[in-house]
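Working notes, beginning with the structure itself.
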Amino acid sequence: MITPPHLERNDLVGIVSTARKITTSEIEALIKLLENWGLKAVTGMTINAEDHQYAGDDDLRTKDFQSMMDNPRIKAIWCARGGYGTVRIIDKLNFIEFVKNPKWIIGYSDVTVFHSHIHRLGIETLHANMAIDIDTKTEETRTTVASALFGKKYSISYEGRNKMNRTGVAEGSLVGGNLSLLYSLIGSPSAIDTSGKILFIEDLDEMRYHVDRMMQSLKRSGLLANLKALVVGGLNDMRDNTIPFGKTVEQIISETVSEYSYPVCFDFPAGHIQDNRALIMGRTVQLSVENEMVRLDF
């Protein structure tokens, strides 16, 4: 995998929205954070643009992201917010210049489309908090992004006492992102290759039966059989039917992969949660799942 060049002082970082609309005031916290890091923000055309729920129509969002990719002075592209919309422009984008001169793509949730698609191009990306709300997250949310962008080695560890964790040690390329997005990409040119890799998944505000359907689809598509490990992040605000599904979301995931022997960990600090630490997607990482501790080394 190719690692995009690490950032240096005075480098330019583009801020765009490939999904939902967003205003300048909602990205002010990120602009200040970049300034504190010695970087300079460049606001894209999609900031303050509006087309119903989107940050401008498909053509504008495509043009904005393409411009940021092709501009050699822009060293990273930070997605402003998620929601829905990135999949509508992915096939309109030309990655020729991006492959020649890779740069960091930063975001999560709907940005999983980019993580998955760009992984197939052999380039690392950064699964990290959007521009919006970054000032309300934990300090680790912000410092792990800085470590990744500036090329500092870091690791993520936490007390992993979930009874459904499956202990073990694994090494492999880290892939994945939002479960709903990974599910929606199955069979497309952006579908993720998980064989021999460590898969990370997270999600928000889903019905329990829908999580089961998505996990079964991943399994039937062969995406769970040959993993090195499974890392499960935030699974918050999940919902149930009036007639209960009968299993928690964690139980659904655990049972889906029960026939496989690789390590599994839950409660990983990444996703739609307060502590959303940065993950370098495509990077070969080492995962250790012990009885009371989980550690991921980049």
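Identifiers for the structure tokens are assigned positionally: chains receive A, B, ... in sequence, residues are indexed from 1 per chain, and ligands are indexed from 1 in the order shown.
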
*Which residues in segment 104-210 of chain A does DSSP call alpha helix (DSSP H)? List them as a list in words.*
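Result set for segment 104-210 of chain A (alpha helix (DSSP H)): Thr112, Val113, Phe114, His115, Ser116, His117, Ile118, His119, Glu139, Glu140, Thr141, Arg142, Thr143, Thr144, Val145, Ala146, Ser147, Ala148, Leu149, Leu179, Ser180, Leu181, Leu182, Tyr183, Ser184, Leu185, Arg208, Tyr209 and His210 of chain A.
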
*Find the residues around Thr23 of chain A up to 12 Å (only C-alpha atoms counted), leave out those fewer than 4 positions away in its own chain, and share them as a VMD selection string.*
chain A and resid 15 to 17 27 to 29 43 to 50 54 to 56 80 to 81 131 to 132

Take the residues that were just selected and, keeping C-alpha atoms, output them as an mmCIF file, in the first residue's frame.
data_model
loop_
_atom_site.group_PDB
_atom_site.id
_atom_site.type_symbol
_atom_site.label_atom_id
_atom_site.label_comp_id
_atom_site.auth_asym_id
_atom_site.auth_seq_id
_atom_site.Cartn_x
_atom_site.Cartn_y
_atom_site.Cartn_z
ATOM 1 C CA ILE A 15 -12.473 20.981 3.320
ATOM 2 C CA VAL A 16 -15.390 19.735 1.211
ATOM 3 C CA SER A 17 -18.709 17.997 1.643
ATOM 4 C CA ILE A 27 -16.459 23.952 10.214
ATOM 5 C CA GLU A 28 -14.909 26.849 12.126
ATOM 6 C CA ALA A 29 -13.675 24.486 14.860
ATOM 7 C CA THR A 43 -12.764 25.800 1.841
ATOM 8 C CA GLY A 44 -14.389 24.080 -1.095
ATOM 9 C CA MET A 45 -17.312 25.163 -3.248
ATOM 10 C CA THR A 46 -19.611 22.733 -1.468
ATOM 11 C CA ILE A 47 -19.371 24.562 1.856
ATOM 12 C CA ASN A 48 -22.585 26.657 2.119
ATOM 13 C CA ALA A 49 -23.920 25.103 -1.102
ATOM 14 C CA GLU A 50 -27.394 23.567 -0.978
ATOM 15 C CA TYR A 54 -27.049 17.773 -0.272
ATOM 16 C CA ALA A 55 -24.106 20.186 -0.269
ATOM 17 C CA GLY A 56 -24.906 21.169 -3.830
ATOM 18 C CA ALA A 80 -17.007 18.105 6.305
ATOM 19 C CA ARG A 81 -19.891 15.803 7.172
ATOM 20 C CA ALA A 131 -15.000 18.482 10.245
ATOM 21 C CA ILE A 132 -18.352 18.918 11.973
#

*For each of A:Val294, A:Leu12, A:Met214, A:Ile280, take the minimum atom-to-atom distance to His127 of chain A, counting only C-alpha atoms, then give the residue where this is smallest.*
A:Ile280

May I have a table of the residues of segment 60-152 of chain A lying at most 12 Å from segment 251-269 of chain A, giving each one's closest pair of atoms and their distance in Å to one decimal, counting only C-alpha atoms, ordered by chain and ascending residue number, as CSV?
residue,atom,partner,partner_atom,distance
A:Ala128,CA,A:Pro269,CA,11.1
A:Asn129,CA,A:Pro269,CA,11.8
A:Lys137,CA,A:Pro269,CA,11.6
A:Thr138,CA,A:Pro269,CA,10.4
A:Glu140,CA,A:Pro269,CA,9.7
A:Thr141,CA,A:Pro269,CA,9.1
A:Thr144,CA,A:Pro269,CA,11.5

*Find the residue from A:Gly282, A:Gly82, A:Gly246, A:Gly151 that sits nearest to Leu181 of chain A; use only C-alpha atoms when measuring.*
A:Gly82

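Distance check against Ala146 of chain A using only C-alpha atoms: of A:Pro244, A:Gly85, A:Gly222, A:Gly38, the minimum falls on A:Gly38.
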
*Near Tyr108 of chain A, counting only C-alpha atoms, which residues have an atom at most 10 Å away, once you skip same-chain residues fewer than 6 positions from it, shown as a VMD selection string?*
chain A and resid 79 81 to 82 114 to 115 126 to 130 177 to 178 202 270 to 272 276 278 to 279

*Using DSSP on the backbone, list every residue of segment 92-202 of chain A that comes out as strand (DSSP E or B), and give them as a PyMOL selection string.*
chain A and resi 104-107+123+125-127+155-158+166+168-178+198-202

*Which residue gives the smallest distance to Leu227 of chain A among A:Lys103, A:Lys197, A:Arg277, A:Arg295, with only C-alpha atoms counted?*
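Ranking A:Lys103, A:Lys197, A:Arg277, A:Arg295 by distance to Leu227 of chain A, first place goes to A:Lys197.
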
*Return the single residue from A:Gly122, A:Gly234, A:Gly168, A:Pro189 that is closest to Pro4 of chain A, with distances computed using only C-alpha atoms.*
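The answer is A:Gly122, which sits nearest to Pro4 of chain A.
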
*Could you tell me how far atom CA of Phe95 of chain A lies from atom CA of Lys40 of chain A, in Å and to one decimal?*
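Those two atoms sit 23.9 Å apart.
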
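Using only C-alpha atoms, the nearest neighbour of Asn226 of chain A within the list A:Ser195, A:Asn241, A:His210, A:Asp91 is A:Ser195.
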
_To one decimal place in Å, what is the distance between atom CA of Asp212 of chain A and atom CA of Ala191 of chain A?_
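Atom CA of Ala191 of chain A lies 19.2 Å from atom CA of Asp212 of chain A.
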
Can you list, as an mmCIF file with C-alpha atoms, in the first residue's frame, every protein, DNA or RNA residue that comes within 12 Å of Lys152 of chain A when you count only C-alpha atoms, leaving out same-chain residues fewer than 5 positions away?
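Once everything was written out, this is around34.cif:
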data_model
loop_
_atom_site.group_PDB
_atom_site.id
_atom_site.type_symbol
_atom_site.label_atom_id
_atom_site.label_comp_id
_atom_site.auth_asym_id
_atom_site.auth_seq_id
_atom_site.Cartn_x
_atom_site.Cartn_y
_atom_site.Cartn_z
ATOM 1 C CA HIS A 6 2.832 13.217 5.576
ATOM 2 C CA LEU A 7 1.910 16.827 6.208
ATOM 3 C CA THR A 143 -4.524 13.805 18.476
ATOM 4 C CA THR A 144 -4.736 10.492 16.643
ATOM 5 C CA VAL A 145 -5.607 12.362 13.439
ATOM 6 C CA ALA A 146 -2.583 14.593 13.922
ATOM 7 C CA SER A 147 -0.337 11.593 14.591
ATOM 8 C CA ILE A 280 -5.227 4.380 8.965
ATOM 9 C CA ASP A 297 -0.577 -0.803 16.678
ATOM 10 C CA PHE A 298 -0.026 1.135 13.455
#
